[in-house]
$ cat protein36.cif   # mmCIF, C-alpha atoms and all ligand atoms; chains and numbers go by the auth columns
data_data
loop_
_atom_site.group_PDB
_atom_site.id
_atom_site.type_symbol
_atom_site.label_atom_id
_atom_site.label_comp_id
_atom_site.label_asym_id
_atom_site.label_seq_id
_atom_site.Cartn_x
_atom_site.Cartn_y
_atom_site.Cartn_z
_atom_site.B_iso_or_equiv
_atom_site.auth_seq_id
_atom_site.auth_asym_id
ATOM 1 C CA MET A 1 -14.322 15.368 39.440 0.00 1 N
ATOM 2 C CA GLY A 2 -13.544 15.921 43.155 0.00 2 N
ATOM 3 C CA ALA A 3 -9.860 15.616 42.353 0.00 3 N
ATOM 4 C CA ASN A 4 -10.203 18.409 39.765 0.00 4 N
ATOM 5 C CA LEU A 5 -11.769 20.731 42.335 0.00 5 N
ATOM 6 C CA LEU A 6 -9.419 19.905 45.213 0.00 6 N
ATOM 7 C CA ALA A 7 -6.230 19.954 43.156 0.00 7 N
ATOM 8 C CA PRO A 8 -6.023 23.782 42.666 0.00 8 N
ATOM 9 C CA LEU A 9 -6.619 24.385 46.421 0.00 9 N
ATOM 10 C CA LEU A 10 -3.930 21.924 47.363 0.00 10 N
ATOM 11 C CA ALA A 11 -1.610 23.448 44.743 0.00 11 N
ATOM 12 C CA VAL A 12 -2.029 26.969 46.223 0.00 12 N
ATOM 13 C CA VAL A 13 -1.216 25.657 49.716 0.00 13 N
ATOM 14 C CA LEU A 14 1.898 23.928 48.390 0.00 14 N
ATOM 15 C CA LEU A 15 2.911 27.065 46.457 0.00 15 N
ATOM 16 C CA PHE A 16 2.858 29.125 49.675 0.00 16 N
ATOM 17 C CA GLN A 17 4.983 26.474 51.297 0.00 17 N
ATOM 18 C CA GLY A 18 7.545 26.848 48.516 0.00 18 N
ATOM 19 C CA GLN A 19 6.638 23.554 46.866 0.00 19 N
ATOM 20 C CA GLY A 20 5.158 24.859 43.595 0.00 20 N
ATOM 21 C CA TRP A 21 6.349 21.907 41.503 0.00 21 N
ATOM 22 C CA TRP A 22 4.446 19.487 43.687 0.00 22 N
ATOM 23 C CA GLY A 23 1.347 21.662 43.288 0.00 23 N
ATOM 24 C CA LEU A 24 1.690 21.686 39.507 0.00 24 N
ATOM 25 C CA SER A 25 2.136 17.910 39.456 0.00 25 N
ATOM 26 C CA ILE A 26 -1.048 17.454 41.477 0.00 26 N
ATOM 27 C CA ILE A 27 -3.055 19.663 39.076 0.00 27 N
ATOM 28 C CA MET A 28 -1.719 17.807 36.022 0.00 28 N
ATOM 29 C CA THR A 29 -2.493 14.406 37.552 0.00 29 N
ATOM 30 C CA ALA A 30 -6.039 15.478 38.436 0.00 30 N
ATOM 31 C CA HIS A 31 -6.685 16.658 34.866 0.00 31 N
ATOM 32 C CA ALA A 32 -5.206 13.485 33.414 0.00 32 N
ATOM 33 C CA LEU A 33 -7.585 11.441 35.584 0.00 33 N
ATOM 34 C CA TRP A 34 -10.455 13.309 33.896 0.00 34 N
ATOM 35 C CA LEU A 35 -9.114 13.588 30.346 0.00 35 N
ATOM 36 C CA VAL A 36 -7.713 10.097 29.774 0.00 36 N
ATOM 37 C CA PRO A 37 -11.004 8.171 30.161 0.00 37 N
ATOM 38 C CA THR A 38 -12.842 10.895 28.219 0.00 38 N
ATOM 39 C CA LEU A 39 -10.577 11.015 25.171 0.00 39 N
ATOM 40 C CA TRP A 40 -9.429 7.374 25.145 0.00 40 N
ATOM 41 C CA PRO A 41 -12.497 5.396 23.980 0.00 41 N
ATOM 42 C CA GLN A 42 -11.330 2.033 25.387 0.00 42 N
ATOM 43 C CA CYS A 43 -10.451 3.394 28.857 0.00 43 N
ATOM 44 C CA ASP A 44 -12.693 2.040 31.638 0.00 44 N
ATOM 45 C CA TRP A 45 -11.544 4.169 34.607 0.00 45 N
ATOM 46 C CA CYS A 46 -15.026 5.735 34.917 0.00 46 N
ATOM 47 C CA GLY A 47 -17.045 2.553 34.377 0.00 47 N
ATOM 48 C CA LYS A 48 -17.409 -0.546 32.256 0.00 48 N
ATOM 49 C CA VAL A 49 -16.642 -0.350 28.530 0.00 49 N
ATOM 50 C CA LEU A 50 -16.801 -3.375 26.242 0.00 50 N
ATOM 51 C CA SER A 51 -13.918 -3.236 23.743 0.00 51 N
ATOM 52 C CA ARG A 52 -13.658 -6.977 22.971 0.00 52 N
ATOM 53 C CA LEU A 53 -15.896 -10.008 23.290 0.00 53 N
ATOM 54 C CA PRO A 54 -15.020 -12.053 26.372 0.00 54 N
ATOM 55 C CA ASP A 55 -14.493 -15.379 24.540 0.00 55 N
ATOM 56 C CA ASP A 56 -11.573 -16.334 22.334 0.00 56 N
ATOM 57 C CA ARG A 57 -13.734 -18.180 19.804 0.00 57 N
ATOM 58 C CA LYS A 58 -13.516 -17.156 16.140 0.00 58 N
ATOM 59 C CA GLU A 59 -16.427 -14.769 16.599 0.00 59 N
ATOM 60 C CA VAL A 60 -16.606 -11.021 16.064 0.00 60 N
ATOM 61 C CA TRP A 61 -19.169 -8.340 16.829 0.00 61 N
ATOM 62 C CA LEU A 62 -19.841 -6.242 13.758 0.00 62 N
ATOM 63 C CA THR A 63 -21.102 -2.744 14.616 0.00 63 N
ATOM 64 C CA ILE A 64 -22.270 -0.143 12.090 0.00 64 N
ATOM 65 C CA ASP A 65 -22.624 3.482 13.220 0.00 65 N
ATOM 66 C CA ASP A 66 -24.350 6.676 12.099 0.00 66 N
ATOM 67 C CA GLY A 67 -27.453 5.342 10.320 0.00 67 N
ATOM 68 C CA PRO A 68 -30.151 4.711 9.504 0.00 68 N
ATOM 69 C CA ASP A 69 -29.393 5.712 5.944 0.00 69 N
ATOM 70 C CA VAL A 70 -32.103 5.318 3.352 0.00 70 N
ATOM 71 C CA GLU A 71 -29.647 4.061 0.699 0.00 71 N
ATOM 72 C CA ASP A 72 -27.067 2.140 2.734 0.00 72 N
ATOM 73 C CA THR A 73 -29.109 0.430 5.463 0.00 73 N
ATOM 74 C CA PRO A 74 -31.286 -1.710 3.127 0.00 74 N
ATOM 75 C CA GLN A 75 -28.200 -2.801 1.152 0.00 75 N
ATOM 76 C CA LEU A 76 -26.286 -3.644 4.324 0.00 76 N
ATOM 77 C CA LEU A 77 -29.243 -5.671 5.622 0.00 77 N
ATOM 78 C CA ASN A 78 -29.369 -7.673 2.383 0.00 78 N
ATOM 79 C CA LEU A 79 -25.631 -8.371 2.502 0.00 79 N
ATOM 80 C CA LEU A 80 -25.837 -9.520 6.118 0.00 80 N
ATOM 81 C CA ASP A 81 -28.704 -11.895 5.207 0.00 81 N
ATOM 82 C CA GLN A 82 -26.697 -13.247 2.287 0.00 82 N
ATOM 83 C CA TYR A 83 -23.819 -14.199 4.610 0.00 83 N
ATOM 84 C CA GLN A 84 -26.061 -15.147 7.561 0.00 84 N
ATOM 85 C CA ALA A 85 -24.220 -12.565 9.632 0.00 85 N
ATOM 86 C CA LYS A 86 -25.603 -10.486 12.499 0.00 86 N
ATOM 87 C CA ALA A 87 -24.663 -6.898 13.302 0.00 87 N
ATOM 88 C CA THR A 88 -25.625 -4.097 15.668 0.00 88 N
ATOM 89 C CA PHE A 89 -26.630 -0.778 14.123 0.00 89 N
ATOM 90 C CA PHE A 90 -25.803 2.193 16.343 0.00 90 N
ATOM 91 C CA PHE A 91 -28.459 4.573 15.060 0.00 91 N
ATOM 92 C CA ILE A 92 -28.637 8.347 15.513 0.00 92 N
ATOM 93 C CA GLY A 93 -32.014 9.338 17.024 0.00 93 N
ATOM 94 C CA ALA A 94 -32.721 12.245 14.639 0.00 94 N
ATOM 95 C CA LYS A 95 -32.164 9.992 11.598 0.00 95 N
ATOM 96 C CA ALA A 96 -34.197 7.157 13.123 0.00 96 N
ATOM 97 C CA GLN A 97 -37.050 9.604 13.646 0.00 97 N
ATOM 98 C CA GLN A 98 -37.117 10.206 9.872 0.00 98 N
ATOM 99 C CA HIS A 99 -36.839 6.496 8.993 0.00 99 N
ATOM 100 C CA PRO A 100 -38.352 4.434 11.804 0.00 100 N
ATOM 101 C CA GLU A 101 -39.139 1.694 9.262 0.00 101 N
ATOM 102 C CA LEU A 102 -35.396 0.972 8.924 0.00 102 N
ATOM 103 C CA VAL A 103 -35.108 0.499 12.679 0.00 103 N
ATOM 104 C CA THR A 104 -38.013 -1.960 12.582 0.00 104 N
ATOM 105 C CA GLU A 105 -36.522 -3.779 9.589 0.00 105 N
ATOM 106 C CA ALA A 106 -33.096 -4.210 11.231 0.00 106 N
ATOM 107 C CA LEU A 107 -34.716 -5.749 14.313 0.00 107 N
ATOM 108 C CA LYS A 108 -37.055 -7.923 12.227 0.00 108 N
ATOM 109 C CA ARG A 109 -34.030 -9.460 10.512 0.00 109 N
ATOM 110 C CA GLY A 110 -32.448 -10.366 13.855 0.00 110 N
ATOM 111 C CA HIS A 111 -29.929 -7.546 14.233 0.00 111 N
ATOM 112 C CA GLY A 112 -29.267 -5.335 17.219 0.00 112 N
ATOM 113 C CA VAL A 113 -30.112 -1.640 17.475 0.00 113 N
ATOM 114 C CA GLY A 114 -27.943 0.566 19.684 0.00 114 N
ATOM 115 C CA ASN A 115 -28.143 4.172 20.920 0.00 115 N
ATOM 116 C CA HIS A 116 -25.695 6.619 19.264 0.00 116 N
ATOM 117 C CA THR A 117 -27.167 9.880 20.709 0.00 117 N
ATOM 118 C CA MET A 118 -29.961 12.036 19.328 0.00 118 N
ATOM 119 C CA THR A 119 -27.910 14.482 17.207 0.00 119 N
ATOM 120 C CA HIS A 120 -24.391 12.981 17.139 0.00 120 N
ATOM 121 C CA PRO A 121 -22.465 15.999 18.501 0.00 121 N
ATOM 122 C CA GLN A 122 -19.100 14.409 17.724 0.00 122 N
ATOM 123 C CA TYR A 123 -16.909 17.484 18.322 0.00 123 N
ATOM 124 C CA TRP A 124 -18.323 18.575 21.685 0.00 124 N
ATOM 125 C CA PHE A 125 -19.877 15.521 23.289 0.00 125 N
ATOM 126 C CA TRP A 126 -16.743 14.962 25.398 0.00 126 N
ATOM 127 C CA SER A 127 -17.382 18.322 27.118 0.00 127 N
ATOM 128 C CA TYR A 128 -21.116 17.856 27.802 0.00 128 N
ATOM 129 C CA GLY A 129 -22.368 18.404 31.341 0.00 129 N
ATOM 130 C CA PRO A 130 -24.930 16.163 33.072 0.00 130 N
ATOM 131 C CA ARG A 131 -28.059 17.795 31.600 0.00 131 N
ATOM 132 C CA ALA A 132 -26.902 17.918 27.955 0.00 132 N
ATOM 133 C CA ALA A 133 -25.476 14.387 28.081 0.00 133 N
ATOM 134 C CA LYS A 134 -28.690 13.040 29.604 0.00 134 N
ATOM 135 C CA SER A 135 -30.825 14.783 26.992 0.00 135 N
ATOM 136 C CA GLU A 136 -28.804 13.384 24.034 0.00 136 N
ATOM 137 C CA ILE A 137 -28.948 9.838 25.345 0.00 137 N
ATOM 138 C CA THR A 138 -32.489 9.650 26.743 0.00 138 N
ATOM 139 C CA THR A 139 -34.111 11.312 23.696 0.00 139 N
ATOM 140 C CA CYS A 140 -32.420 8.858 21.348 0.00 140 N
ATOM 141 C CA GLN A 141 -33.366 5.967 23.627 0.00 141 N
ATOM 142 C CA GLN A 142 -37.021 7.043 23.473 0.00 142 N
ATOM 143 C CA VAL A 143 -37.020 7.418 19.664 0.00 143 N
ATOM 144 C CA LEU A 144 -35.455 3.969 19.158 0.00 144 N
ATOM 145 C CA THR A 145 -37.750 2.346 21.733 0.00 145 N
ATOM 146 C CA ASP A 146 -40.816 3.829 20.000 0.00 146 N
ATOM 147 C CA ALA A 147 -39.582 2.726 16.551 0.00 147 N
ATOM 148 C CA SER A 148 -38.903 -0.770 17.936 0.00 148 N
ATOM 149 C CA GLY A 149 -42.394 -1.286 19.320 0.00 149 N
ATOM 150 C CA GLY A 150 -41.244 -0.952 22.926 0.00 150 N
ATOM 151 C CA ILE A 151 -37.878 -2.760 22.744 0.00 151 N
ATOM 152 C CA SER A 152 -35.247 -0.545 24.393 0.00 152 N
ATOM 153 C CA PRO A 153 -31.644 -0.573 23.120 0.00 153 N
ATOM 154 C CA ARG A 154 -29.164 -2.258 25.496 0.00 154 N
ATOM 155 C CA TRP A 155 -25.981 -0.724 24.105 0.00 155 N
ATOM 156 C CA PHE A 156 -24.708 2.843 23.795 0.00 156 N
ATOM 157 C CA ARG A 157 -21.812 4.138 21.737 0.00 157 N
ATOM 158 C CA ALA A 158 -20.553 7.704 22.218 0.00 158 N
ATOM 159 C CA PRO A 159 -19.935 9.805 19.076 0.00 159 N
ATOM 160 C CA ALA A 160 -16.249 9.325 18.168 0.00 160 N
ATOM 161 C CA GLY A 161 -16.018 7.191 21.319 0.00 161 N
ATOM 162 C CA PHE A 162 -15.675 10.241 23.612 0.00 162 N
ATOM 163 C CA LYS A 163 -17.452 9.757 26.911 0.00 163 N
ATOM 164 C CA ASN A 164 -17.089 11.540 30.238 0.00 164 N
ATOM 165 C CA PRO A 165 -18.295 10.679 33.761 0.00 165 N
ATOM 166 C CA PHE A 166 -21.663 12.413 33.132 0.00 166 N
ATOM 167 C CA VAL A 167 -22.214 10.298 30.019 0.00 167 N
ATOM 168 C CA GLN A 168 -21.233 7.184 31.928 0.00 168 N
ATOM 169 C CA ALA A 169 -23.682 8.040 34.749 0.00 169 N
ATOM 170 C CA THR A 170 -26.632 8.429 32.332 0.00 170 N
ATOM 171 C CA VAL A 171 -25.698 5.288 30.453 0.00 171 N
ATOM 172 C CA GLU A 172 -25.688 3.267 33.674 0.00 172 N
ATOM 173 C CA LYS A 173 -28.909 4.855 34.959 0.00 173 N
ATOM 174 C CA LEU A 174 -30.731 3.782 31.788 0.00 174 N
ATOM 175 C CA GLY A 175 -29.397 0.240 32.118 0.00 175 N
ATOM 176 C CA LEU A 176 -27.294 0.658 28.968 0.00 176 N
ATOM 177 C CA ARG A 177 -23.769 -0.642 28.441 0.00 177 N
ATOM 178 C CA LEU A 178 -20.975 1.256 26.718 0.00 178 N
ATOM 179 C CA ALA A 179 -19.699 -0.368 23.534 0.00 179 N
ATOM 180 C CA CYS A 180 -16.323 0.486 22.083 0.00 180 N
ATOM 181 C CA TRP A 181 -14.334 -1.311 19.368 0.00 181 N
ATOM 182 C CA SER A 182 -11.015 -3.040 18.729 0.00 182 N
ATOM 183 C CA ALA A 183 -10.905 -2.971 14.895 0.00 183 N
ATOM 184 C CA ARG A 184 -11.667 0.009 12.705 0.00 184 N
ATOM 185 C CA GLY A 185 -10.944 1.021 9.138 0.00 185 N
ATOM 186 C CA ARG A 186 -11.225 4.807 9.640 0.00 186 N
ATOM 187 C CA ASP A 187 -14.032 4.894 7.065 0.00 187 N
ATOM 188 C CA GLY A 188 -15.254 8.118 8.655 0.00 188 N
ATOM 189 C CA VAL A 189 -12.256 9.964 7.228 0.00 189 N
ATOM 190 C CA ASP A 190 -10.849 7.683 4.501 0.00 190 N
ATOM 191 C CA SER A 191 -12.969 7.042 1.397 0.00 191 N
ATOM 192 C CA ASP A 192 -10.683 4.373 -0.116 0.00 192 N
ATOM 193 C CA CYS A 193 -12.375 0.966 0.149 0.00 193 N
ATOM 194 C CA GLN A 194 -9.166 -1.111 0.000 0.00 194 N
ATOM 195 C CA ARG A 195 -7.308 0.953 2.596 0.00 195 N
ATOM 196 C CA VAL A 196 -10.317 0.771 4.918 0.00 196 N
ATOM 197 C CA LEU A 197 -10.493 -3.010 4.444 0.00 197 N
ATOM 198 C CA GLU A 198 -6.789 -3.517 5.098 0.00 198 N
ATOM 199 C CA ARG A 199 -7.003 -1.593 8.380 0.00 199 N
ATOM 200 C CA LEU A 200 -10.041 -3.606 9.439 0.00 200 N
ATOM 201 C CA LYS A 201 -8.414 -6.942 8.610 0.00 201 N
ATOM 202 C CA ARG A 202 -5.269 -6.009 10.559 0.00 202 N
ATOM 203 C CA GLY A 203 -7.392 -5.391 13.663 0.00 203 N
ATOM 204 C CA ILE A 204 -9.513 -8.551 13.429 0.00 204 N
ATOM 205 C CA ASN A 205 -8.799 -11.484 15.693 0.00 205 N
ATOM 206 C CA PRO A 206 -11.032 -13.741 17.852 0.00 206 N
ATOM 207 C CA GLY A 207 -13.369 -11.578 19.956 0.00 207 N
ATOM 208 C CA ALA A 208 -12.794 -8.379 17.961 0.00 208 N
ATOM 209 C CA ILE A 209 -15.426 -5.649 17.899 0.00 209 N
ATOM 210 C CA ILE A 210 -15.505 -4.186 14.393 0.00 210 N
ATOM 211 C CA LEU A 211 -16.449 -0.545 13.812 0.00 211 N
ATOM 212 C CA MET A 212 -17.929 0.588 10.481 0.00 212 N
ATOM 213 C CA HIS A 213 -19.922 3.654 9.404 0.00 213 N
ATOM 214 C CA GLU A 214 -22.762 4.033 6.922 0.00 214 N
ATOM 215 C CA GLY A 215 -23.777 7.076 4.874 0.00 215 N
ATOM 216 C CA ARG A 216 -20.337 7.749 3.315 0.00 216 N
ATOM 217 C CA TYR A 217 -19.176 7.897 -0.315 0.00 217 N
ATOM 218 C CA ASP A 218 -15.968 6.500 -1.780 0.00 218 N
ATOM 219 C CA SER A 219 -13.616 8.418 -4.110 0.00 219 N
ATOM 220 C CA ASP A 220 -15.686 7.311 -7.164 0.00 220 N
ATOM 221 C CA GLY A 221 -18.813 8.843 -5.678 0.00 221 N
ATOM 222 C CA GLU A 222 -20.261 5.425 -4.859 0.00 222 N
ATOM 223 C CA ARG A 223 -21.554 4.246 -1.522 0.00 223 N
ATOM 224 C CA LEU A 224 -18.623 3.095 0.636 0.00 224 N
ATOM 225 C CA ALA A 225 -20.256 0.950 3.336 0.00 225 N
ATOM 226 C CA PRO A 226 -21.891 -1.697 1.066 0.00 226 N
ATOM 227 C CA LYS A 227 -18.589 -2.127 -0.828 0.00 227 N
ATOM 228 C CA VAL A 228 -16.577 -2.544 2.365 0.00 228 N
ATOM 229 C CA LEU A 229 -19.125 -4.827 4.010 0.00 229 N
ATOM 230 C CA GLY A 230 -19.430 -7.132 0.975 0.00 230 N
ATOM 231 C CA GLU A 231 -15.667 -7.701 0.843 0.00 231 N
ATOM 232 C CA LEU A 232 -15.323 -7.896 4.610 0.00 232 N
ATOM 233 C CA LEU A 233 -18.031 -10.563 4.948 0.00 233 N
ATOM 234 C CA THR A 234 -16.375 -12.656 2.228 0.00 234 N
ATOM 235 C CA TRP A 235 -13.021 -12.382 4.032 0.00 235 N
ATOM 236 C CA LEU A 236 -14.561 -13.247 7.410 0.00 236 N
ATOM 237 C CA GLN A 237 -16.257 -16.297 5.904 0.00 237 N
ATOM 238 C CA GLU A 238 -13.028 -17.465 4.215 0.00 238 N
ATOM 239 C CA ASN A 239 -11.246 -17.124 7.553 0.00 239 N
ATOM 240 C CA ASP A 240 -13.949 -19.018 9.509 0.00 240 N
ATOM 241 C CA TYR A 241 -15.163 -16.038 11.545 0.00 241 N
ATOM 242 C CA ARG A 242 -18.791 -15.778 12.621 0.00 242 N
ATOM 243 C CA CYS A 243 -20.513 -12.406 13.151 0.00 243 N
ATOM 244 C CA ILE A 244 -22.514 -12.676 16.351 0.00 244 N
ATOM 245 C CA LEU A 245 -24.274 -10.359 18.805 0.00 245 N
ATOM 246 C CA PRO A 246 -22.998 -10.192 22.405 0.00 246 N
ATOM 247 C CA THR A 247 -25.256 -11.661 25.088 0.00 247 N
HETATM 248 ZN ZN ZN B . -20.826 8.131 14.999 0.00 301 N
#
$ encode --input "protein36.cif" --output "structure tokens" --more "lines below"
Ligand SMILES: [Zn+2]
Amino acid sequence: MGANLLAPLLAVVLLFQGQGWWGLSIIMTAHALWLVPTLWPQCDWCGKVLSRLPDDRKEVWLTIDDGPDVEDTPQLLNLLDQYQAKATFFFIGAKAQQHPELVTEALKRGHGVGNHTMTHPQYWFWSYGPRAAKSEITTCQQVLTDASGGISPRWFRAPAGFKNPFVQATVEKLGLRLACWSARGRDGVDSDCQRVLERLKRGINPGAIILMHEGRYDSDGERLAPKVLGELLTWLQENDYRCILPT
């Protein structure tokens, strides 16, 4: 942030010295230092981000965002039981407030529950200042902790993966860790089960972090996430992958 404030001053000085191009370069570099880690989910310039599991064993971390969803979450939990797979649900606080029983159920079955902000402001979260970022994260943390009988989430995922230094500061202050992903099917924008699956499979290798979403419909008007998860778990099993939670 300091670089963003100092850069224009330095640029003006250079302009008066007849070195305008150098000034412009300094401004552009300062903005890149701010924008790149904000808009590139895997970038860790502002602090730690987990984008892959540290080991090269045939293990993956399955993460499911945007729930709880009264139709999808129970089906996903049953599928995970069926395949003895574990996942982390990155829940939205406002939805968890309406269905705290689904938060409890996910934990009871041995899954993880992560913080995915209170209201999921996916278009503007990248631009949030310290107060707004803190409010989104701490309110969700409180809702999930209450629904979990006092167990606080350990992981945070930013909506659409966009985080800025203010988000990172709050995350670290609360003792949370930022979770990103390495394999995604773009199920937030593509409703075709097979295309989503193919993208996911292409991104999966030992240590991959898989990103899925719940609460979406496919092109036939059926629930997308249970379809994708059923086929994905079969494929993972056939290929000797285990779905585990990070330590
Ligand atoms: Zn999300």
$ atom_distance --input "protein36.cif" --atom1 "CA of Ala158 in chain N" --atom2 "CA of Trp235 in chain N"
28.1 Å
$ atom_distance --input "protein36.cif" --atom1 "CA of Asn164 in chain N" --atom2 "CA of Thr138 in chain N"
15.9 Å
$ residues_near_ligand --input "protein36.cif" --ligand "ligand ZN 301 (chain N)" --cutoff "9 Å" --atoms "all atoms listed in the file" --output "number ranges by chain"
N: 64-67, 90-92, 116-117, 120-122, 157-161, 188, 213
$ closest_residue --input "protein36.cif" --among "N:Gly114, N:Gly18, N:Gly129, N:Gly93" --to "Gln142 in chain N" --atoms "only C-alpha atoms"
N:Gly93
$ closest_residue --input "protein36.cif" --among "N:Glu238, N:Leu197, N:Glu214, N:Ala208" --to "Glu59 in chain N" --atoms "all atoms listed in the file"
N:Ala208
$ atom_distance --input "protein36.cif" --atom1 "CA of Ala94 in chain N" --atom2 "CA of Arg52 in chain N"
28.3 Å
$ closest_residue --input "protein36.cif" --among "N:Ile210, N:Val228, N:Ala133, N:Cys193" --to "Ala179 in chain N" --atoms "all atoms listed in the file"
N:Ile210
$ residues_near_point --input "protein36.cif" --point "(-27.2, 11.9, 33.7)" --cutoff "8 Å" --atoms "only C-alpha atoms" --output "list in words"
Pro130, Arg131, Ala133, Lys134, Phe166, Val167, Gln168, Ala169, Thr170, Val171 and Lys173 of chain N
$ resolve_selection --input "protein36.cif" --expression "the PyMOL selection byres (((chain N and resi 145) around 12) and not hetatm)" --output "ChimeraX atom specification"
/N:91,93,96-97,100,103-104,107,113-115,138-144,146-154
$ resolve_selection --input "protein36.cif" --expression "the PyMOL selection byres (((chain N and resi 70-85) around 8) and not hetatm)" --output "PyMOL selection string"
chain N and resi 67-69+86-87+99+102+106+109+214-215+223+225-226+229-230+233-234+237+242-244
$ closest_residue --input "protein36.cif" --among "N:Trp126, N:Phe16, N:Phe89, N:Tyr217" --to "His111 in chain N" --atoms "all atoms listed in the file"
N:Phe89
$ residues_near_point --input "protein36.cif" --point "(-11.9, -15.3, 23.3)" --cutoff "12 Å" --atoms "all atoms listed in the file" --output "PyMOL selection string"
chain N and resi 52-61+205-209
$ closest_residue --input "protein36.cif" --among "N:Leu200, N:Leu211, N:Glu222, N:Leu176" --to "Gly47 in chain N" --atoms "all atoms listed in the file"
N:Leu176
$ closest_residue --input "protein36.cif" --among "N:Cys46, N:Leu232, N:Met28, N:Ile204" --to "Glu172 in chain N" --atoms "only C-alpha atoms"
N:Cys46
$ build_atoms --input "protein36.cif" --residues "range 166-172 of chain N" --atoms "all heavy atoms" --output "PDB file, in the frame of the given file"
ATOM      1  N   PHE N 166     -20.222  12.120  33.191  1.00  0.00           N
ATOM      2  CA  PHE N 166     -21.663  12.413  33.132  1.00  0.00           C
ATOM      3  C   PHE N 166     -22.361  11.482  32.144  1.00  0.00           C
ATOM      4  O   PHE N 166     -23.480  11.037  32.349  1.00  0.00           O
ATOM      5  CB  PHE N 166     -21.902  13.869  32.719  1.00  0.00           C
ATOM      6  CG  PHE N 166     -21.222  14.858  33.620  1.00  0.00           C
ATOM      7  CD1 PHE N 166     -20.353  15.800  33.108  1.00  0.00           C
ATOM      8  CD2 PHE N 166     -21.451  14.835  34.990  1.00  0.00           C
ATOM      9  CE1 PHE N 166     -19.706  16.702  33.939  1.00  0.00           C
ATOM     10  CE2 PHE N 166     -20.823  15.729  35.841  1.00  0.00           C
ATOM     11  CZ  PHE N 166     -19.941  16.673  35.310  1.00  0.00           C
ATOM     12  N   VAL N 167     -21.679  11.225  31.022  1.00  0.00           N
ATOM     13  CA  VAL N 167     -22.214  10.298  30.019  1.00  0.00           C
ATOM     14  C   VAL N 167     -22.333   8.908  30.645  1.00  0.00           C
ATOM     15  O   VAL N 167     -23.362   8.245  30.550  1.00  0.00           O
ATOM     16  CB  VAL N 167     -21.288  10.248  28.779  1.00  0.00           C
ATOM     17  CG1 VAL N 167     -21.685   9.131  27.838  1.00  0.00           C
ATOM     18  CG2 VAL N 167     -21.288  11.598  28.066  1.00  0.00           C
ATOM     19  N   GLN N 168     -21.262   8.512  31.313  1.00  0.00           N
ATOM     20  CA  GLN N 168     -21.233   7.184  31.928  1.00  0.00           C
ATOM     21  C   GLN N 168     -22.374   7.040  32.950  1.00  0.00           C
ATOM     22  O   GLN N 168     -23.029   6.000  33.010  1.00  0.00           O
ATOM     23  CB  GLN N 168     -19.883   6.996  32.630  1.00  0.00           C
ATOM     24  CG  GLN N 168     -19.557   5.565  32.959  1.00  0.00           C
ATOM     25  CD  GLN N 168     -18.614   4.913  31.957  1.00  0.00           C
ATOM     26  OE1 GLN N 168     -17.800   5.600  31.359  1.00  0.00           O
ATOM     27  NE2 GLN N 168     -18.725   3.623  31.778  1.00  0.00           N
ATOM     28  N   ALA N 169     -22.628   8.100  33.723  1.00  0.00           N
ATOM     29  CA  ALA N 169     -23.682   8.040  34.749  1.00  0.00           C
ATOM     30  C   ALA N 169     -25.051   7.836  34.102  1.00  0.00           C
ATOM     31  O   ALA N 169     -25.857   7.019  34.562  1.00  0.00           O
ATOM     32  CB  ALA N 169     -23.662   9.323  35.575  1.00  0.00           C
ATOM     33  N   THR N 170     -25.330   8.574  33.015  1.00  0.00           N
ATOM     34  CA  THR N 170     -26.632   8.429  32.332  1.00  0.00           C
ATOM     35  C   THR N 170     -26.766   7.053  31.716  1.00  0.00           C
ATOM     36  O   THR N 170     -27.822   6.417  31.802  1.00  0.00           O
ATOM     37  CB  THR N 170     -26.783   9.506  31.227  1.00  0.00           C
ATOM     38  OG1 THR N 170     -26.662  10.779  31.832  1.00  0.00           O
ATOM     39  CG2 THR N 170     -28.116   9.405  30.532  1.00  0.00           C
ATOM     40  N   VAL N 171     -25.697   6.604  31.100  1.00  0.00           N
ATOM     41  CA  VAL N 171     -25.698   5.288  30.453  1.00  0.00           C
ATOM     42  C   VAL N 171     -26.065   4.210  31.485  1.00  0.00           C
ATOM     43  O   VAL N 171     -26.926   3.361  31.243  1.00  0.00           O
ATOM     44  CB  VAL N 171     -24.297   5.018  29.828  1.00  0.00           C
ATOM     45  CG1 VAL N 171     -24.103   3.550  29.515  1.00  0.00           C
ATOM     46  CG2 VAL N 171     -24.120   5.847  28.561  1.00  0.00           C
ATOM     47  N   GLU N 172     -25.436   4.283  32.645  1.00  0.00           N
ATOM     48  CA  GLU N 172     -25.688   3.267  33.674  1.00  0.00           C
ATOM     49  C   GLU N 172     -27.092   3.398  34.256  1.00  0.00           C
ATOM     50  O   GLU N 172     -27.756   2.404  34.526  1.00  0.00           O
ATOM     51  CB  GLU N 172     -24.622   3.354  34.765  1.00  0.00           C
ATOM     52  CG  GLU N 172     -23.314   2.731  34.266  1.00  0.00           C
ATOM     53  CD  GLU N 172     -22.132   2.959  35.183  1.00  0.00           C
ATOM     54  OE1 GLU N 172     -22.357   3.286  36.368  1.00  0.00           O
ATOM     55  OE2 GLU N 172     -20.985   2.802  34.714  1.00  0.00           O
TER      56      GLU N 172
END
